[in-house]
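Written below as structure tokens is the structure these notes are about.
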Amino acid sequence: MLSRVAEAVYWAGRYIERAENTARFIDVNLAMTLDAPSSFGEQWAPLVAITGDRASFDERFQVATRENVIEFLSSDPANPSCILACLQKARENARSVREVISSEMWEQINRFYLTVSNGAARRRPILDSYQFFSEVKLHSHQVAGVADNTMSHNEAWHFFQLGRLLERADNTSRLLDVKYFLLLPTPEDVGGAIDEMQWAIVLRSASAFEMYRKRHGRIEPEDVIDFLLVETDFPRAILYCLTAAEQSLGAISGSQGGRFRNSAEQELGRLKAELAYEQASDIIAKGLHQFLDGFQTKLNAVGVAIAETFFHPPAGSAKSNGGTSRRDVLFGNQSQRRSGGNRRHTRDLGQ
């Protein structure tokens, strides 16, 4: 597999997952504003903070109203991480590698983009918000299902999974950080109705509310943090995502069950191992925000290592014996643009 093909499939997975997560955040917030008491207020500004695009938003809008935030996150041309922009990039990546994905997968991604594009032109994200964002989530699930059921589970499929899982882990960490760092209630509200409602929003934004209640019952901050960080059975928990991503990365590198073969496996394995032995009580005692900030920095390092290993091998990395290295055969040696920057505050933007 050429490096450009692997990179395109990887970023298609990341962008589709990002679009779905943004739709989920908005959809949950819309529902909560209907049921929340007046003292709770409208929580639109934190949605922009989750995406890491607060500076860009402030340049465009004076205040974080419902209409402004929905427009910015769904279809604003000035926001490269809005839902429409993500799906446009996912579609272009998928179109460029139609030879390695199934025709059904391409058709589903193309249909997904056209639905959102047509909806944005008719201002559906604002005028018909509830149905629009539900459709975005449904289309994302359909893409994942079609990929699972119509693609061979080979390197291309594993790159698609790898992108989705790392993006999902990043989004879950952002959710927790925004709740703990930006939505901290006043001391007298801790443990009260407003605090519990905010934690419920976090769970619902990760589609984790029902599974959490089945596991723990009452909403307790420590249990919520534990569930979203280190739960091994819930597919949006960070540890679950890292474990599944490690399996896909091992399948790509051919090192499943053995010693790591590259820096990407090393970085991801180290991060997963660190998280696996953490406990929510210890994390809270040391500072949840500091922990999540460090986690996102390390997750950024994983993304960089994946790019350098598979997409943009350093010059001179091929074997010097006059032959071609196995990595060059599998992934090529073509230089393509990739993003940089601090993923803690801004979103990863690939090709």
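Lettering and numbering for the structure tokens are positional, with chains as A, B, ... in the shown order, residues counted from 1 in each chain, and ligands counted from 1 in the shown order.
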task: Please report, as JSON, numbers by chain, each residue of region 73-203 of chain A to which DSSP assigns alpha helix (DSSP H) when run on this structure's backbone.
output: {"A": [73, 74, 83, 84, 85, 86, 87, 88, 89, 90, 91, 92, 93, 94, 95, 96, 103, 104, 105, 106, 107, 108, 109, 110, 111, 112, 113, 114, 115, 116, 117, 118, 119, 120, 121, 124, 125, 126, 127, 129, 130, 131, 132, 133, 134, 135, 136, 137, 138, 139, 140, 141, 142, 143, 144, 145, 146, 147, 148, 149, 150, 155, 156, 157, 158, 159, 160, 161, 162, 163, 164, 165, 166, 167, 168, 169, 170, 171, 172, 173, 174, 175, 176, 177, 178, 179, 180, 181, 193, 194, 195, 196, 197, 198, 199, 200, 201, 202, 203]}
field: Close residues, region 225-230 of chain A itself excluded, 6 Å, only C-alpha atoms, min 5 positions apart in chain, as a list in words
entry: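 Contacts, with the query itself left out: Ala237, Ile238, Leu239 and Ala280 of chain A.
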statement: Pairwise distance, CA of His216 (chain A) with CA of Pro235 (chain A), equals 16.7 Å
query: Skipping near chain neighbours, those fewer than 2 positions away, what residues fall within 9 Å of Ser74 (chain A) using only C-alpha atoms, listed as a ChimeraX atom specification?
result: /A:19,22-23,69-72,76,79,81-85,116,120,125
- request: Pick out the closest residue to Ala31 (chain A) from this set: A:Gly303, A:Ala156, A:Gln43, A:Lys272. Count only C-alpha atoms.
  value: A:Gln43
field: Residue nearest Val143 (chain A) among A:Pro77, A:Gly287, A:Gly13, A:Gly52 (counting only C-alpha atoms)
entry: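 Among A:Pro77, A:Gly287, A:Gly13, A:Gly52, it is A:Gly13 that comes nearest to Val143 (chain A).
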task: May I have the residues within 10 Å of region 200-212 of chain A as number ranges by chain, using only C-alpha atoms and disregarding those fewer than 2 positions away in the same chain?
output: A: 21-29, 31-32, 168, 171-172, 175-176, 178-179, 194-198, 214-221, 223-225, 227-228, 231, 233-237
Could you please take those selected residues and save C-alpha atoms as a PDB file, in the first residue's frame?
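Listed below is the output, part.pdb:
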ATOM      1  CA  ASN A  21     -18.861  13.836  17.381  1.00  0.00           C
ATOM      2  CA  THR A  22     -19.557  17.485  16.610  1.00  0.00           C
ATOM      3  CA  ALA A  23     -23.133  16.604  15.640  1.00  0.00           C
ATOM      4  CA  ARG A  24     -23.534  14.638  18.863  1.00  0.00           C
ATOM      5  CA  PHE A  25     -22.323  17.543  21.017  1.00  0.00           C
ATOM      6  CA  ILE A  26     -24.797  19.940  19.404  1.00  0.00           C
ATOM      7  CA  ASP A  27     -27.691  17.466  19.441  1.00  0.00           C
ATOM      8  CA  VAL A  28     -27.296  16.739  23.148  1.00  0.00           C
ATOM      9  CA  ASN A  29     -27.016  20.428  23.989  1.00  0.00           C
ATOM     10  CA  ALA A  31     -32.086  18.532  23.987  1.00  0.00           C
ATOM     11  CA  MET A  32     -30.715  19.680  27.332  1.00  0.00           C
ATOM     12  CA  ARG A 168     -12.730   9.266  19.216  1.00  0.00           C
ATOM     13  CA  ASN A 171     -12.968  13.789  21.560  1.00  0.00           C
ATOM     14  CA  THR A 172     -13.723  11.942  24.785  1.00  0.00           C
ATOM     15  CA  LEU A 175     -15.424  16.327  26.704  1.00  0.00           C
ATOM     16  CA  LEU A 176     -14.069  15.518  30.144  1.00  0.00           C
ATOM     17  CA  VAL A 178     -14.393  20.975  29.209  1.00  0.00           C
ATOM     18  CA  LYS A 179     -16.668  19.765  32.001  1.00  0.00           C
ATOM     19  CA  ILE A 194     -26.671  21.517  38.231  1.00  0.00           C
ATOM     20  CA  ASP A 195     -23.470  19.542  38.740  1.00  0.00           C
ATOM     21  CA  GLU A 196     -25.285  16.263  38.141  1.00  0.00           C
ATOM     22  CA  MET A 197     -26.968  17.642  35.012  1.00  0.00           C
ATOM     23  CA  GLN A 198     -23.611  18.721  33.587  1.00  0.00           C
ATOM     24  CA  LYS A 214     -26.469   0.085  33.888  1.00  0.00           C
ATOM     25  CA  ARG A 215     -22.959  -0.170  35.310  1.00  0.00           C
ATOM     26  CA  HIS A 216     -22.950   2.381  38.143  1.00  0.00           C
ATOM     27  CA  GLY A 217     -26.505   3.614  38.659  1.00  0.00           C
ATOM     28  CA  ARG A 218     -26.278   7.018  40.313  1.00  0.00           C
ATOM     29  CA  ILE A 219     -24.222   9.710  38.598  1.00  0.00           C
ATOM     30  CA  GLU A 220     -21.051  10.297  40.603  1.00  0.00           C
ATOM     31  CA  PRO A 221     -18.197  12.381  39.138  1.00  0.00           C
ATOM     32  CA  ASP A 223     -17.489   7.009  38.441  1.00  0.00           C
ATOM     33  CA  VAL A 224     -18.156   9.043  35.288  1.00  0.00           C
ATOM     34  CA  ILE A 225     -14.455   9.843  34.919  1.00  0.00           C
ATOM     35  CA  PHE A 227     -16.129   5.006  32.951  1.00  0.00           C
ATOM     36  CA  LEU A 228     -15.045   7.367  30.186  1.00  0.00           C
ATOM     37  CA  GLU A 231     -13.713   1.254  30.904  1.00  0.00           C
ATOM     38  CA  ASP A 233     -16.039  -2.699  27.384  1.00  0.00           C
ATOM     39  CA  PHE A 234     -17.535   0.633  26.282  1.00  0.00           C
ATOM     40  CA  PRO A 235     -16.492   1.607  22.713  1.00  0.00           C
ATOM     41  CA  ARG A 236     -16.174   5.340  23.403  1.00  0.00           C
ATOM     42  CA  ALA A 237     -14.069   5.018  26.539  1.00  0.00           C
TER      43      ALA A 237
END
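Neighbours of Gln266 (chain A) closer than or equal to 10 Å, with only C-alpha atoms counted and sequence neighbours fewer than 5 positions away skipped, come out as A:Glu246, A:Arg259, A:Phe260, A:Arg261, A:Leu271, A:Lys272, A:Val302, A:Ala305.
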task: Fewer than 3 positions away in the same chain doesn't count, so skip those; otherwise give me all residues within 10 Å of Gly250 (chain A), counting only C-alpha atoms, as a PyMOL selection string.
output: chain A and resi 158+244-247+253-262+264-265
Output file for the selection above: N, CA and C atoms, as a PDB file, in the first residue's frame:
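As written to disk, out.pdb reads:
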ATOM      1  N   HIS A 158      -7.738  -1.307   8.438  1.00  0.00           N
ATOM      2  CA  HIS A 158      -7.117  -1.002   9.721  1.00  0.00           C
ATOM      3  C   HIS A 158      -6.690   0.464   9.810  1.00  0.00           C
ATOM      4  N   ALA A 244      -8.115  -0.889  20.968  1.00  0.00           N
ATOM      5  CA  ALA A 244      -8.494  -1.286  19.614  1.00  0.00           C
ATOM      6  C   ALA A 244      -7.560  -0.670  18.575  1.00  0.00           C
ATOM      7  N   ALA A 245      -7.130   0.579  18.812  1.00  0.00           N
ATOM      8  CA  ALA A 245      -6.191   1.227  17.890  1.00  0.00           C
ATOM      9  C   ALA A 245      -4.856   0.487  17.880  1.00  0.00           C
ATOM     10  N   GLU A 246      -4.424   0.032  19.044  1.00  0.00           N
ATOM     11  CA  GLU A 246      -3.172  -0.722  19.131  1.00  0.00           C
ATOM     12  C   GLU A 246      -3.262  -2.017  18.343  1.00  0.00           C
ATOM     13  N   GLN A 247      -4.414  -2.658  18.376  1.00  0.00           N
ATOM     14  CA  GLN A 247      -4.597  -3.899  17.621  1.00  0.00           C
ATOM     15  C   GLN A 247      -4.529  -3.645  16.115  1.00  0.00           C
ATOM     16  N   SER A 253       1.521  -3.234  11.133  1.00  0.00           N
ATOM     17  CA  SER A 253       2.972  -3.417  11.235  1.00  0.00           C
ATOM     18  C   SER A 253       3.386  -4.875  11.219  1.00  0.00           C
ATOM     19  N   GLY A 254       2.433  -5.778  11.437  1.00  0.00           N
ATOM     20  CA  GLY A 254       2.763  -7.197  11.472  1.00  0.00           C
ATOM     21  C   GLY A 254       3.408  -7.641  12.760  1.00  0.00           C
ATOM     22  N   SER A 255       3.112  -6.932  13.863  1.00  0.00           N
ATOM     23  CA  SER A 255       3.758  -7.254  15.137  1.00  0.00           C
ATOM     24  C   SER A 255       2.761  -7.637  16.209  1.00  0.00           C
ATOM     25  N   GLN A 256       1.589  -8.105  15.843  1.00  0.00           N
ATOM     26  CA  GLN A 256       0.576  -8.465  16.820  1.00  0.00           C
ATOM     27  C   GLN A 256       1.096  -9.539  17.773  1.00  0.00           C
ATOM     28  N   GLY A 257       1.013  -9.238  19.056  1.00  0.00           N
ATOM     29  CA  GLY A 257       1.456 -10.183  20.069  1.00  0.00           C
ATOM     30  C   GLY A 257       2.940 -10.222  20.289  1.00  0.00           C
ATOM     31  N   GLY A 258       3.699  -9.428  19.534  1.00  0.00           N
ATOM     32  CA  GLY A 258       5.145  -9.416  19.682  1.00  0.00           C
ATOM     33  C   GLY A 258       5.669  -8.046  20.054  1.00  0.00           C
ATOM     34  N   ARG A 259       6.961  -7.874  19.943  1.00  0.00           N
ATOM     35  CA  ARG A 259       7.595  -6.614  20.276  1.00  0.00           C
ATOM     36  C   ARG A 259       7.274  -5.560  19.212  1.00  0.00           C
ATOM     37  N   PHE A 260       7.175  -4.299  19.657  1.00  0.00           N
ATOM     38  CA  PHE A 260       6.860  -3.231  18.716  1.00  0.00           C
ATOM     39  C   PHE A 260       7.945  -3.117  17.651  1.00  0.00           C
ATOM     40  N   ARG A 261       7.521  -2.682  16.461  1.00  0.00           N
ATOM     41  CA  ARG A 261       8.436  -2.596  15.320  1.00  0.00           C
ATOM     42  C   ARG A 261       8.735  -1.167  14.884  1.00  0.00           C
ATOM     43  N   ASN A 262       8.038  -0.181  15.432  1.00  0.00           N
ATOM     44  CA  ASN A 262       8.256   1.199  15.013  1.00  0.00           C
ATOM     45  C   ASN A 262       7.857   2.146  16.134  1.00  0.00           C
ATOM     46  N   ALA A 264       5.615   4.444  16.184  1.00  0.00           N
ATOM     47  CA  ALA A 264       4.174   4.615  16.359  1.00  0.00           C
ATOM     48  C   ALA A 264       3.625   3.591  17.356  1.00  0.00           C
ATOM     49  N   GLU A 265       4.026   2.337  17.181  1.00  0.00           N
ATOM     50  CA  GLU A 265       3.601   1.306  18.135  1.00  0.00           C
ATOM     51  C   GLU A 265       4.138   1.584  19.531  1.00  0.00           C
TER      52      GLU A 265
END
